[in-house]
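> Below is the structure I would like to discuss, written out as structure tokens.
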Amino acid sequence: DVVPETPTALPAAPETHIKISSRERVIYPESGLTKGELADYYQAIAPAALRWLGNRPISLVRCPQGRAKHCFFQKHDAGSFGDDVHHVQVREKDGSTQPYLYVDDVDGMMACVQMGTIEFHGWGAPVADIERPDRLVFDLDPDEGLDFTQVKKAAEELKGHLADIGLTSWPLLSGGKGVHVVVPLVPQADWPAVRSFAERFARALAQAEPDRYTANLKKVTRKGKIFIDYLRNQRGATAVLPYVARAREDAPVAAPVTWSELRDLESAKRYTIRDAAELLDRAASRALTGWGEADQSLPDL
Ligand code: ATP
Ligand code: MN
Ligand code: MN
């Protein structure tokens with residue numbers, strides 16, 4: 001008997017015991033997408049998202065009344081999210097210790113969504129050792145008026161310069177205006193070393209091409225340029241995580257893509273929370289196998 005080859009089945013959304021209230025509440029007024037639809041997206045995408053989102057300190061963008069109403073960035077919490085959202089004690093600059101949040105399963109993600117979370121942002125280090133980053137992120141922030149073609153060109157150039165010093169990188173569509181260039185690291189160097197590397201790398205690019213790039217946070221220096229935001233790479237800073245829904249018009253998603261796909265894309269908002277099936281399919285596809293993975297350490301620079 002010949003057993004027909006079945007295409008790789010999409011994993012069913014994992015079960016969760018978290019109940020989502022007010023499923024009909026509109027979270028994205030411009031498109032009518034509801035809290036229930038956002039929750040369904042996160043439940044479906046959890047198997048792909050947890051690979052990045054799980055087991056690292058997270059900050060949440062919460063918009064309990066929807067993205068057009070009051071939203072706030074939340075870094076820590078003593079327990080109002082329930083037992084599925086865990087805590088990792090983080091020593092702050094002022095000497096105090098704060099309970100930062102992390103999740104490690106679909107229930108934790110859904111508990112956050114139930115509490116009005118739209119976006120999940122993550123540290124560049126795992127809960128297992130928050131002092132040793134396991135990735136670098138260069139967040140490319142174009143000045144108003146620059147188009148996506150220029151962002152793509154900048155991302156490609158960063159990729160090339162990183163490759164020149166032995167580092168493999170991957171593009172993440174932010175779901176907003178820019179692209180994040182993600183560089184996985186073996187957790188080894190500490191935060192000061194990682195931040196220093198990222199800053200020197202960004203400054204060297206800005207110095208070589210001052211008309212196109214700036215490494216200066218001040219908006220006035222950004223005129224017509226792309227800000228290479230290296231500050232995502234300091235202790236306590238976060239960046240949006242793969243597969244996270246954005247609190248922006250029409251519910252775009254931060255999405256991993258390949259370098260060759262990026263060349264053909266017209267915006268960083270290619271995927272939205274309506275695309276859960278396609279995103280899951282892609283996550284399991286050959287094209288994205290190995291995305292964001294490499295055994296590599298910071299070179300001397
Ligand atoms: P875009 O491509 O549109 O720039 P982005 O996610 O890169 O989207 P940025 O404004 O560049 O948005 O922010 C970069 C990162 O800085 C965010 O992903 C987030 O983790 C962090 N961040 C943004 N706003 C805050 C805030 N109010 N407090 C703390 N961290 C923030
Ligand atoms: Mn950005
Ligand atoms: Mn930024």
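Labels used: A, B, ... for chains in the order of the structure tokens, numbers from 1 for residues in each chain, and numbers from 1 for ligands as shown.
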Which residues in stretch 7-167 of chain A does DSSP call helix (DSSP H, G or I)? List them as a VMD selection string.

chain A and resid 35 to 53 106 to 114 127 to 129 148 to 164

> Let's have the selection written as a tab-separated table (two decimals), in the first residue's frame, with N, CA and C atoms.


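And here is the file that came out, part.tsv:
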chain	number	residue	atom	x	y	z
A	35	LYS	N	-10.81	41.63	21.20
A	35	LYS	CA	-9.97	40.95	22.19
A	35	LYS	C	-9.98	39.44	21.97
A	36	GLY	N	-11.14	38.90	21.61
A	36	GLY	CA	-11.23	37.47	21.33
A	36	GLY	C	-10.36	37.07	20.15
A	37	GLU	N	-10.36	37.90	19.11
A	37	GLU	CA	-9.54	37.58	17.93
A	37	GLU	C	-8.05	37.70	18.26
A	38	LEU	N	-7.69	38.68	19.08
A	38	LEU	CA	-6.29	38.81	19.50
A	38	LEU	C	-5.89	37.59	20.33
A	39	ALA	N	-6.77	37.18	21.25
A	39	ALA	CA	-6.49	36.01	22.09
A	39	ALA	C	-6.34	34.75	21.24
A	40	ASP	N	-7.22	34.59	20.25
A	40	ASP	CA	-7.13	33.42	19.36
A	40	ASP	C	-5.81	33.42	18.60
A	41	TYR	N	-5.39	34.62	18.16
A	41	TYR	CA	-4.10	34.72	17.48
A	41	TYR	C	-2.98	34.22	18.39
A	42	TYR	N	-2.94	34.74	19.61
A	42	TYR	CA	-1.85	34.37	20.51
A	42	TYR	C	-1.90	32.89	20.89
A	43	GLN	N	-3.10	32.37	21.06
A	43	GLN	CA	-3.19	30.95	21.40
A	43	GLN	C	-2.66	30.09	20.24
A	44	ALA	N	-3.02	30.49	19.03
A	44	ALA	CA	-2.58	29.73	17.85
A	44	ALA	C	-1.07	29.84	17.64
A	45	ILE	N	-0.54	31.03	17.82
A	45	ILE	CA	0.86	31.27	17.48
A	45	ILE	C	1.81	30.86	18.62
A	46	ALA	N	1.24	30.54	19.78
A	46	ALA	CA	2.07	30.24	20.96
A	46	ALA	C	3.21	29.25	20.70
A	47	PRO	N	2.95	28.14	19.97
A	47	PRO	CA	4.06	27.20	19.77
A	47	PRO	C	5.26	27.84	19.07
A	48	ALA	N	5.01	28.73	18.13
A	48	ALA	CA	6.11	29.41	17.45
A	48	ALA	C	6.67	30.54	18.32
A	49	ALA	N	5.79	31.26	18.98
A	49	ALA	CA	6.22	32.45	19.73
A	49	ALA	C	7.03	32.10	20.97
A	50	LEU	N	6.66	31.02	21.64
A	50	LEU	CA	7.30	30.71	22.93
A	50	LEU	C	8.78	30.42	22.80
A	51	ARG	N	9.19	29.96	21.64
A	51	ARG	CA	10.62	29.74	21.39
A	51	ARG	C	11.43	31.01	21.68
A	52	TRP	N	10.78	32.18	21.44
A	52	TRP	CA	11.47	33.48	21.62
A	52	TRP	C	10.99	34.20	22.87
A	53	LEU	N	9.72	34.03	23.14
A	53	LEU	CA	9.08	34.79	24.20
A	53	LEU	C	9.21	34.13	25.56
A	106	VAL	N	1.72	28.58	27.14
A	106	VAL	CA	0.59	29.29	26.54
A	106	VAL	C	-0.29	29.92	27.63
A	107	ASP	N	-0.42	29.27	28.77
A	107	ASP	CA	-1.25	29.85	29.84
A	107	ASP	C	-0.69	31.20	30.29
A	108	GLY	N	0.61	31.28	30.43
A	108	GLY	CA	1.24	32.55	30.82
A	108	GLY	C	0.96	33.65	29.79
A	109	MET	N	1.09	33.28	28.52
A	109	MET	CA	0.80	34.27	27.46
A	109	MET	C	-0.65	34.72	27.53
A	110	MET	N	-1.55	33.74	27.68
A	110	MET	CA	-2.98	34.07	27.67
A	110	MET	C	-3.38	34.86	28.91
A	111	ALA	N	-2.72	34.60	30.04
A	111	ALA	CA	-3.00	35.39	31.25
A	111	ALA	C	-2.67	36.85	31.00
A	112	CYS	N	-1.59	37.10	30.27
A	112	CYS	CA	-1.21	38.48	29.93
A	112	CYS	C	-2.25	39.10	28.98
A	113	VAL	N	-2.69	38.33	28.00
A	113	VAL	CA	-3.69	38.83	27.04
A	113	VAL	C	-5.00	39.14	27.77
A	114	GLN	N	-5.39	38.25	28.68
A	114	GLN	CA	-6.61	38.49	29.47
A	114	GLN	C	-6.54	39.83	30.20
A	127	VAL	N	16.05	34.07	31.42
A	127	VAL	CA	15.83	34.03	32.87
A	127	VAL	C	16.93	33.22	33.56
A	128	ALA	N	17.40	32.18	32.87
A	128	ALA	CA	18.43	31.31	33.46
A	128	ALA	C	19.69	32.08	33.85
A	129	ASP	N	20.00	33.14	33.11
A	129	ASP	CA	21.13	33.99	33.47
A	129	ASP	C	20.92	35.37	32.85
A	148	PHE	N	10.66	52.31	2.84
A	148	PHE	CA	11.08	50.98	3.29
A	148	PHE	C	12.27	50.46	2.49
A	149	THR	N	12.37	50.90	1.23
A	149	THR	CA	13.52	50.50	0.41
A	149	THR	C	14.82	50.86	1.09
A	150	GLN	N	14.85	52.03	1.70
A	150	GLN	CA	16.08	52.47	2.37
A	150	GLN	C	16.34	51.68	3.65
A	151	VAL	N	15.26	51.33	4.34
A	151	VAL	CA	15.41	50.49	5.54
A	151	VAL	C	15.97	49.12	5.16
A	152	LYS	N	15.43	48.56	4.08
A	152	LYS	CA	15.90	47.24	3.62
A	152	LYS	C	17.38	47.29	3.25
A	153	LYS	N	17.76	48.37	2.56
A	153	LYS	CA	19.16	48.52	2.15
A	153	LYS	C	20.08	48.61	3.37
A	154	ALA	N	19.61	49.36	4.37
A	154	ALA	CA	20.40	49.49	5.60
A	154	ALA	C	20.54	48.14	6.30
A	155	ALA	N	19.44	47.39	6.36
A	155	ALA	CA	19.49	46.08	7.03
A	155	ALA	C	20.47	45.16	6.33
A	156	GLU	N	20.42	45.15	4.99
A	156	GLU	CA	21.36	44.34	4.21
A	156	GLU	C	22.80	44.73	4.47
A	157	GLU	N	23.02	46.04	4.59
A	157	GLU	CA	24.38	46.50	4.85
A	157	GLU	C	24.86	46.06	6.22
A	158	LEU	N	24.00	46.17	7.20
A	158	LEU	CA	24.37	45.69	8.53
A	158	LEU	C	24.71	44.20	8.48
A	159	LYS	N	23.86	43.47	7.80
A	159	LYS	CA	24.11	42.02	7.66
A	159	LYS	C	25.51	41.78	7.09
A	160	GLY	N	25.86	42.53	6.05
A	160	GLY	CA	27.17	42.37	5.42
A	160	GLY	C	28.31	42.72	6.36
A	161	HIS	N	28.18	43.83	7.07
A	161	HIS	CA	29.25	44.23	8.00
A	161	HIS	C	29.37	43.24	9.16
A	162	LEU	N	28.24	42.71	9.59
A	162	LEU	CA	28.29	41.70	10.66
A	162	LEU	C	28.96	40.43	10.15
A	163	ALA	N	28.62	40.04	8.93
A	163	ALA	CA	29.24	38.84	8.35
A	163	ALA	C	30.76	39.02	8.24
A	164	ASP	N	31.18	40.25	7.90
A	164	ASP	CA	32.62	40.53	7.78
A	164	ASP	C	33.36	40.24	9.08

> Go through the chains and note each residue within 8 Å of ligand 1, using only C-alpha atoms and all ligand atoms, then give the set as an NGL selection string.

:A and (59 or 72-73 or 121-122 or 139-142 or 173-180 or 229 or 232 or 237-241 or 268)

> Would you kindly return, as a PyMOL selection string, each protein, DNA or RNA residue with an atom no farther than 7 Å from any atom of A:Tyr102, considering only C-alpha atoms and excluding same-chain residues fewer than 5 positions away?

chain A and resi 54-58+85-87

> Ranking A:Leu172, A:Ile18, A:Val186, A:Val26 by minimum distance to A:Asp295 and counting only C-alpha atoms, which one comes first?

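Smallest separation from A:Asp295 among the options: A:Val186.
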
> Do you know which residues are at most 12 Å from A:Arg286 counting only C-alpha atoms, after dropping those on the same chain fewer than 4 positions away, and could you put them as a count of residues only?

7
